[in-house]
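Listing of structure_10.txt; format and content: compact mmCIF, C-alpha atoms.
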```
# COMPACT_ATOMS: atom_id res chain seq x y z
CA MET A 6 -73.63 6.46 14.49
CA ARG A 7 -72.90 9.10 11.86
CA THR A 8 -69.74 10.09 13.71
CA THR A 9 -68.53 6.46 13.73
CA GLU A 10 -69.20 6.12 10.02
CA LEU A 11 -67.33 9.36 9.35
CA VAL A 12 -64.32 8.14 11.33
CA LEU A 13 -64.31 4.86 9.42
CA VAL A 14 -64.44 6.71 6.11
CA VAL A 15 -61.50 8.91 7.12
CA VAL A 16 -59.46 5.90 8.28
CA LEU A 17 -60.19 4.06 5.05
CA ALA A 18 -59.16 7.08 3.01
CA VAL A 19 -55.88 7.44 4.92
CA GLU A 20 -55.08 3.73 4.53
CA THR A 21 -55.83 3.90 0.81
CA ALA A 22 -53.53 6.90 0.41
CA LEU A 23 -50.74 5.12 2.30
CA LEU A 24 -51.12 2.00 0.15
CA LEU A 25 -50.98 4.10 -3.03
CA THR A 26 -47.86 5.89 -1.76
CA VAL A 27 -46.10 2.65 -0.83
CA GLY A 28 -47.06 1.13 -4.18
CA SER A 29 -45.68 4.11 -6.06
CA LEU A 30 -42.40 4.00 -4.13
CA TRP A 31 -42.10 0.27 -4.80
CA LEU A 32 -42.60 0.79 -8.55
CA VAL A 33 -40.04 3.61 -8.61
CA GLY A 34 -37.58 1.41 -6.74
CA ARG A 35 -38.05 -1.44 -9.22
CA ARG A 36 -37.49 0.88 -12.20
CA THR A 37 -34.35 2.35 -10.60
CA ARG A 38 -33.02 -1.12 -9.85
CA ARG A 39 -33.60 -2.27 -13.45
CA ARG A 40 -31.84 0.83 -14.79
CA LEU A 41 -28.82 0.34 -12.53
CA ARG A 42 -28.59 -3.31 -13.51
CA ALA A 43 -28.64 -2.30 -17.18
CA GLU A 44 -25.88 0.28 -16.59
CA LEU A 45 -23.65 -2.26 -14.85
CA GLU A 46 -24.26 -4.87 -17.55
CA GLN A 47 -23.40 -2.33 -20.26
CA ALA A 48 -20.24 -1.26 -18.40
CA ARG A 49 -19.10 -4.86 -18.02
CA SER A 50 -19.97 -5.98 -21.55
CA PRO A 51 -17.01 -6.59 -23.91
CA ARG A 52 -16.05 -3.67 -26.18
CA THR A 53 -15.75 -5.89 -29.22
CA ALA A 54 -17.78 -8.77 -30.58
CA ARG A 55 -14.79 -11.11 -30.39
CA ARG A 56 -15.05 -13.59 -27.55
CA PRO A 57 -12.04 -15.20 -25.93
CA PRO A 58 -11.70 -18.98 -26.11
CA ARG A 59 -12.90 -20.95 -23.12
CA ARG A 60 -13.17 -18.86 -19.93
CA LEU A 61 -13.97 -19.64 -16.34
CA VAL A 62 -15.59 -16.25 -15.66
CA PRO A 63 -19.33 -15.85 -15.04
CA THR A 64 -21.68 -14.45 -17.66
CA PRO A 65 -22.65 -10.75 -17.47
CA ASP A 66 -26.04 -11.79 -16.05
CA GLU A 67 -24.31 -13.75 -13.28
CA ALA A 68 -22.03 -10.80 -12.49
CA VAL A 69 -24.98 -8.40 -12.23
CA LYS A 70 -26.89 -10.93 -10.11
CA ALA A 71 -23.92 -11.25 -7.75
CA VAL A 72 -23.71 -7.47 -7.23
CA TRP A 73 -27.38 -7.17 -6.41
CA GLU A 74 -27.30 -10.21 -4.15
CA THR A 75 -24.71 -8.36 -2.06
CA VAL A 76 -26.86 -5.20 -1.98
CA ASP A 77 -29.98 -7.19 -1.12
CA ARG A 78 -28.19 -9.04 1.68
CA VAL A 79 -27.28 -5.72 3.31
CA ARG A 80 -30.80 -4.35 2.96
CA GLU A 81 -32.56 -7.47 4.19
CA LYS A 82 -30.21 -8.56 7.00
CA GLY A 83 -28.45 -5.32 7.92
CA LEU A 84 -24.73 -4.87 8.34
CA GLY A 85 -24.46 -7.74 10.82
CA GLY A 86 -26.05 -10.19 8.41
CA ALA A 87 -23.80 -9.10 5.55
CA ILE A 88 -20.56 -9.58 7.43
CA ARG A 89 -19.60 -12.58 5.26
CA SER A 90 -17.15 -11.20 2.69
CA SER A 91 -16.88 -11.72 -1.04
CA ILE A 92 -13.71 -13.72 -0.39
CA ASP A 93 -15.64 -16.13 1.84
CA ASP A 94 -18.34 -16.49 -0.80
CA LEU A 95 -15.81 -17.16 -3.56
CA ALA A 96 -13.90 -19.70 -1.47
CA GLY A 97 -17.14 -21.49 -0.66
CA TRP A 98 -18.10 -21.55 -4.32
CA ALA A 99 -14.70 -23.00 -5.27
CA GLN A 100 -15.08 -25.78 -2.69
CA VAL A 101 -18.35 -26.84 -4.30
CA GLU A 102 -17.70 -26.20 -7.99
CA ARG A 103 -14.03 -27.28 -8.11
CA PRO A 104 -13.09 -25.19 -11.18
CA ALA A 105 -10.81 -26.88 -13.72
CA LEU A 106 -7.33 -25.39 -13.21
CA VAL A 107 -5.24 -28.09 -14.92
CA ARG A 108 -4.36 -25.98 -17.95
CA LEU A 109 -3.14 -23.15 -15.70
CA ALA A 110 -0.94 -25.31 -13.49
CA GLY A 111 2.84 -25.54 -13.64
CA ALA A 112 4.74 -28.72 -14.39
CA ASP A 113 4.31 -29.95 -10.82
CA GLY A 114 0.57 -29.30 -10.80
CA SER A 115 0.82 -26.17 -8.66
CA VAL A 116 -1.13 -22.96 -9.15
CA ALA A 117 -0.88 -19.50 -7.60
CA ILE A 118 -4.34 -18.66 -6.24
CA PHE A 119 -5.35 -14.99 -6.01
CA PHE A 120 -8.23 -13.59 -3.93
CA SER A 121 -9.22 -9.95 -3.61
CA ASP A 122 -12.06 -7.73 -2.50
CA ILE A 123 -12.71 -4.13 -1.49
CA GLU A 124 -12.22 -3.30 2.18
CA GLY A 125 -15.25 -1.63 3.74
CA SER A 126 -17.36 -2.17 0.63
CA THR A 127 -20.65 -2.04 2.55
CA GLU A 128 -19.84 1.31 4.13
CA LEU A 129 -18.56 2.63 0.78
CA ASN A 130 -21.82 1.56 -0.90
CA GLU A 131 -23.81 3.32 1.80
CA ARG A 132 -21.78 6.51 1.41
CA LEU A 133 -21.79 6.64 -2.39
CA GLY A 134 -25.32 5.40 -3.04
CA ASP A 135 -26.25 2.58 -5.40
CA LYS A 136 -25.70 4.48 -8.66
CA GLU A 137 -22.16 5.65 -7.87
CA TRP A 138 -21.38 2.29 -6.26
CA VAL A 139 -22.27 0.47 -9.49
CA ARG A 140 -20.00 2.81 -11.44
CA LEU A 141 -17.18 2.26 -8.97
CA LEU A 142 -17.65 -1.52 -9.23
CA ALA A 143 -17.40 -1.30 -13.00
CA ARG A 144 -14.11 0.63 -12.74
CA HIS A 145 -12.80 -1.81 -10.14
CA ASP A 146 -13.86 -4.77 -12.28
CA ALA A 147 -12.10 -3.44 -15.39
CA THR A 148 -8.90 -2.61 -13.48
CA VAL A 149 -8.61 -6.01 -11.77
CA ARG A 150 -9.44 -8.03 -14.89
CA SER A 151 -6.98 -6.07 -17.00
CA ALA A 152 -4.10 -6.55 -14.54
CA ILE A 153 -4.79 -10.27 -14.15
CA GLU A 154 -5.00 -10.97 -17.87
CA ARG A 155 -2.04 -8.72 -18.70
CA HIS A 156 0.17 -10.86 -16.45
CA GLY A 157 -0.99 -14.17 -17.84
CA GLY A 158 -3.56 -15.01 -15.18
CA GLN A 159 -7.11 -16.24 -15.52
CA VAL A 160 -10.14 -14.92 -13.69
CA VAL A 161 -11.82 -17.98 -12.19
CA LYS A 162 -14.85 -16.16 -10.80
CA ALA A 163 -15.96 -12.66 -9.88
CA GLN A 164 -18.70 -12.09 -7.35
CA GLY A 165 -19.80 -8.73 -6.00
CA ASP A 166 -16.58 -6.85 -5.28
CA GLY A 167 -14.50 -10.04 -5.00
CA PHE A 168 -12.23 -11.86 -7.46
CA MET A 169 -10.69 -15.31 -7.55
CA ALA A 170 -7.95 -15.82 -10.15
CA ALA A 171 -5.22 -18.33 -10.95
CA PHE A 172 -1.66 -18.06 -12.27
CA GLY A 173 0.82 -20.72 -13.28
CA GLU A 174 3.61 -19.24 -11.12
CA PRO A 175 3.89 -16.94 -8.08
CA GLU A 176 5.80 -14.12 -9.81
CA PRO A 177 3.14 -13.05 -12.35
CA ALA A 178 0.51 -13.29 -9.62
CA VAL A 179 2.48 -10.88 -7.42
CA ARG A 180 3.17 -8.52 -10.31
CA SER A 181 -0.53 -8.49 -11.16
CA ALA A 182 -1.40 -7.62 -7.55
CA ILE A 183 1.16 -4.79 -7.55
CA ALA A 184 -0.30 -3.40 -10.80
CA ILE A 185 -3.79 -3.40 -9.24
CA GLN A 186 -2.71 -1.52 -6.12
CA ARG A 187 -0.75 1.04 -8.11
CA ALA A 188 -3.68 1.63 -10.47
CA PHE A 189 -6.03 2.46 -7.60
CA GLU A 190 -3.35 4.60 -5.97
CA ARG A 191 -3.13 6.64 -9.19
CA GLY A 192 -6.92 6.95 -9.16
CA ARG A 193 -6.88 8.35 -5.63
CA GLY A 194 -4.25 10.86 -6.76
CA LYS A 195 -6.64 12.03 -9.49
CA GLY A 196 -9.46 12.63 -7.02
CA LYS A 197 -11.44 9.43 -7.67
CA ALA A 198 -13.20 7.64 -4.82
CA ALA A 199 -10.70 5.73 -2.69
CA VAL A 200 -10.81 2.00 -3.43
CA LEU A 201 -8.83 0.01 -0.85
CA VAL A 202 -8.37 -3.49 -2.24
CA ARG A 203 -7.02 -6.29 -0.09
CA ILE A 204 -5.24 -9.08 -1.93
CA GLY A 205 -4.03 -12.48 -0.74
CA LEU A 206 -1.92 -15.03 -2.64
CA HIS A 207 -0.98 -18.65 -2.02
CA TYR A 208 0.87 -21.21 -4.15
CA GLY A 209 0.17 -24.91 -3.94
CA ASP A 210 -0.99 -28.10 -5.63
CA VAL A 211 -4.66 -27.62 -6.47
CA VAL A 212 -4.80 -30.08 -9.35
CA HIS A 213 -4.11 -33.40 -7.64
CA ARG A 214 -7.10 -33.86 -5.38
CA ASP A 215 -6.08 -36.78 -3.19
CA ASN A 216 -6.79 -35.98 0.45
CA ASP A 217 -8.58 -32.81 -0.65
CA ILE A 218 -5.43 -30.91 -1.64
CA PHE A 219 -7.57 -28.69 -3.87
CA GLY A 220 -9.75 -27.49 -1.04
CA ARG A 221 -6.92 -26.99 1.43
CA HIS A 222 -4.85 -24.69 -0.79
CA VAL A 223 -7.82 -22.66 -1.99
CA ALA A 224 -8.88 -22.18 1.62
CA HIS A 225 -5.31 -21.15 2.49
CA ALA A 226 -5.32 -18.44 -0.19
CA ALA A 227 -8.72 -17.15 0.95
CA ARG A 228 -7.62 -16.96 4.59
CA VAL A 229 -4.44 -15.05 3.66
CA ALA A 230 -6.55 -12.55 1.70
CA ALA A 231 -9.02 -12.19 4.58
CA LEU A 232 -6.09 -11.32 6.87
CA ALA A 233 -4.88 -8.50 4.59
CA ASP A 234 -5.76 -4.86 5.16
CA GLY A 235 -7.11 -2.55 2.47
CA GLY A 236 -4.31 -1.53 0.12
CA GLU A 237 -2.20 -4.51 1.21
CA ILE A 238 -0.86 -7.51 -0.71
CA LEU A 239 -0.32 -10.43 1.65
CA VAL A 240 1.40 -13.60 0.42
CA SER A 241 2.00 -17.04 1.90
CA GLU A 242 5.47 -18.52 2.41
CA PRO A 243 5.46 -20.52 -0.88
CA VAL A 244 4.68 -17.32 -2.81
CA ALA A 245 7.41 -15.42 -0.96
CA ASP A 246 9.88 -18.19 -1.84
CA GLY A 247 8.75 -18.03 -5.47
CA VAL A 248 9.66 -14.33 -5.82
CA ALA A 249 12.75 -14.33 -3.59
CA ALA A 250 15.05 -14.02 -6.61
CA CYS A 251 13.17 -11.00 -8.04
CA ASP A 252 15.23 -7.95 -7.09
CA ASP A 253 12.42 -5.52 -7.94
CA ILE A 254 9.84 -7.19 -5.65
CA ALA A 255 10.29 -6.15 -2.03
CA LEU A 256 8.77 -8.10 0.85
CA THR A 257 8.39 -7.18 4.49
CA GLU A 258 9.79 -9.36 7.25
CA PRO A 259 7.89 -12.66 7.48
CA ARG A 260 5.60 -13.16 10.44
CA GLU A 261 3.75 -16.13 11.88
CA VAL A 262 -0.03 -15.95 11.98
CA GLN A 263 -3.01 -18.15 12.60
CA LEU A 264 -5.38 -18.60 9.67
CA ARG A 265 -9.02 -19.27 10.47
CA GLY A 266 -9.96 -22.87 9.81
CA LEU A 267 -6.34 -24.00 9.27
CA ALA A 268 -4.38 -25.68 12.04
CA GLY A 269 -1.00 -24.46 13.27
CA GLU A 270 1.06 -21.35 12.59
CA HIS A 271 1.53 -20.03 9.05
CA VAL A 272 4.11 -17.62 7.64
CA VAL A 273 3.00 -14.60 5.63
CA CYS A 274 4.74 -11.54 4.16
CA ALA A 275 3.42 -8.26 2.81
CA VAL A 276 4.55 -6.99 -0.59
CA ASP A 277 6.01 -3.47 -0.44
CA TRP A 278 4.37 -2.39 -3.70
CA VAL A 279 5.05 1.30 -3.07
CA ALA A 280 8.82 0.65 -3.29
```
Go ahead and express the file in the form of structure tokens.
Amino acid sequence: MRTTELVLVVVLAVETALLLTVGSLWLVGRRTRRRLRAELEQARSPRTARRPPRRLVPTPDEAVKAVWETVDRVREKGLGGAIRSSIDDLAGWAQVERPALVRLAGADGSVAIFFSDIEGSTELNERLGDKEWVRLLARHDATVRSAIERHGGQVVKAQGDGFMAAFGEPEPAVRSAIAIQRAFERGRGKGKAAVLVRIGLHYGDVVHRDNDIFGRHVAHAARVAALADGGEILVSEPVADGVAACDDIALTEPREVQLRGLAGEHVVCAVDWVA
């Protein structure tokens, strides 16, 4: 009987020690997570108190939440469960929220839609660790926003490592994409972590919503972006036509592709941004 009691006491002591250890690790993890969130929020906060007029971008809290939702999805569901990309998430959000793009549209109601994300972001996060990943995201965020705004575009929404933006015409959208790729290429040359961004552009009528024109053209832009490789700018035929007269923008030979969820064959071209 004494032996049984002794065994029970030992088991209880071991279980108590394990519970205390797990509890301590959980508390440390929560503190680390709060600190990393604060660092990302500080990195993404505006440098001056002046706020731009009306914007379509999320608040800093929403941006931080989006980053950690991506991290949590990987941890909870594994790589297989996190296969849905930031581009898919942004396109789905746009279908539901229908952001107001009227003021960005050209005279015919058309808008150039821009989607981007980081290729292999999950693997890059795993390799760098959460702290360095948050810093890389902050650098990526600043670079993409700067290029979009410098060329007259508007960030519609940012989520995780993905961006959706809008431009009034194809040319500034393409020039913005080129600026982004060249900025990250310069960073790689300076020894910074390689950031391979894939960018897709489409131009169409997203203002007049009869027969769901809005949803169709947004989906088209998202599918073009999803087809791009890291470091590539892929554009639809209307975008290619819109920059055909620009001597300093080189395009590869057009090719016909199938875009997931869209019927028929579609023509795309890659932008030779290294030229």
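Shortest atom-to-atom contact with Ser91 of chain A among A:Val202, A:Ala250, A:Leu109, A:Ala182: A:Val202, counting all atoms listed in the file.
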- prompt: Which residues, written as JSON, numbers by chain, have at least one atom at most 7 Å from segment 122-136 of chain A, with all atoms listed in the file counted and residues fewer than 2 positions away on the same chain left out?
  reply: {"A": [41, 91, 92, 138, 139, 140, 166, 167, 168, 200, 201, 202, 203, 204, 235]}
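Excluding Gly266 of chain A itself and same-chain residues fewer than 5 positions from it, the residues having an atom within 9 Å of it are Ala224, His225 and Arg228 of chain A, counting only C-alpha atoms.
For the set A:Lys162, A:Arg187, A:Lys195, A:Arg260, the residue with the smallest atom-to-atom gap to Ala99 of chain A is A:Lys162, counting only C-alpha atoms.
Atom CA of Phe219 of chain A to atom CA of Pro243 of chain A spans 15.7 Å [interatomic distance, one decimal].
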- prompt: If you count only C-alpha atoms, which residues fall within 8 Å of segment 148-160 of chain A, apart from same-chain ones fewer than 4 positions away, as JSON, numbers by chain?
  reply: {"A": [60, 61, 62, 109, 144, 168, 169, 170, 171, 172, 173, 177, 178, 180, 181, 182, 184, 185, 188]}
field: Two-atom distance - atom CA of Gly196 of chain A, atom CA of Ala275 of chain A (Å)
entry: 26.4 Å
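For the pair atom CA of Ser241 of chain A and atom CA of Asp146 of chain A, the interatomic distance is 24.6 Å.
The closest residue to Leu206 of chain A, picked from A:Leu142, A:Val107, A:Ile118, A:Cys251 and counting only C-alpha atoms, is A:Ile118.
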query: Hey, which of A:Glu102, A:Glu190, A:Asp210, A:Asp93 ends up closest to Ser115 of chain A? Count only C-alpha atoms.
result: A:Asp210
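Shortest atom-to-atom contact with Ala117 of chain A among A:Val229, A:Leu95, A:Leu239, A:Val223: A:Val223, counting all atoms listed in the file.
Minimum distance to Leu267 of chain A across A:His145, A:Arg108, A:His222, A:Arg191 (counting all atoms listed in the file) occurs at A:His222.
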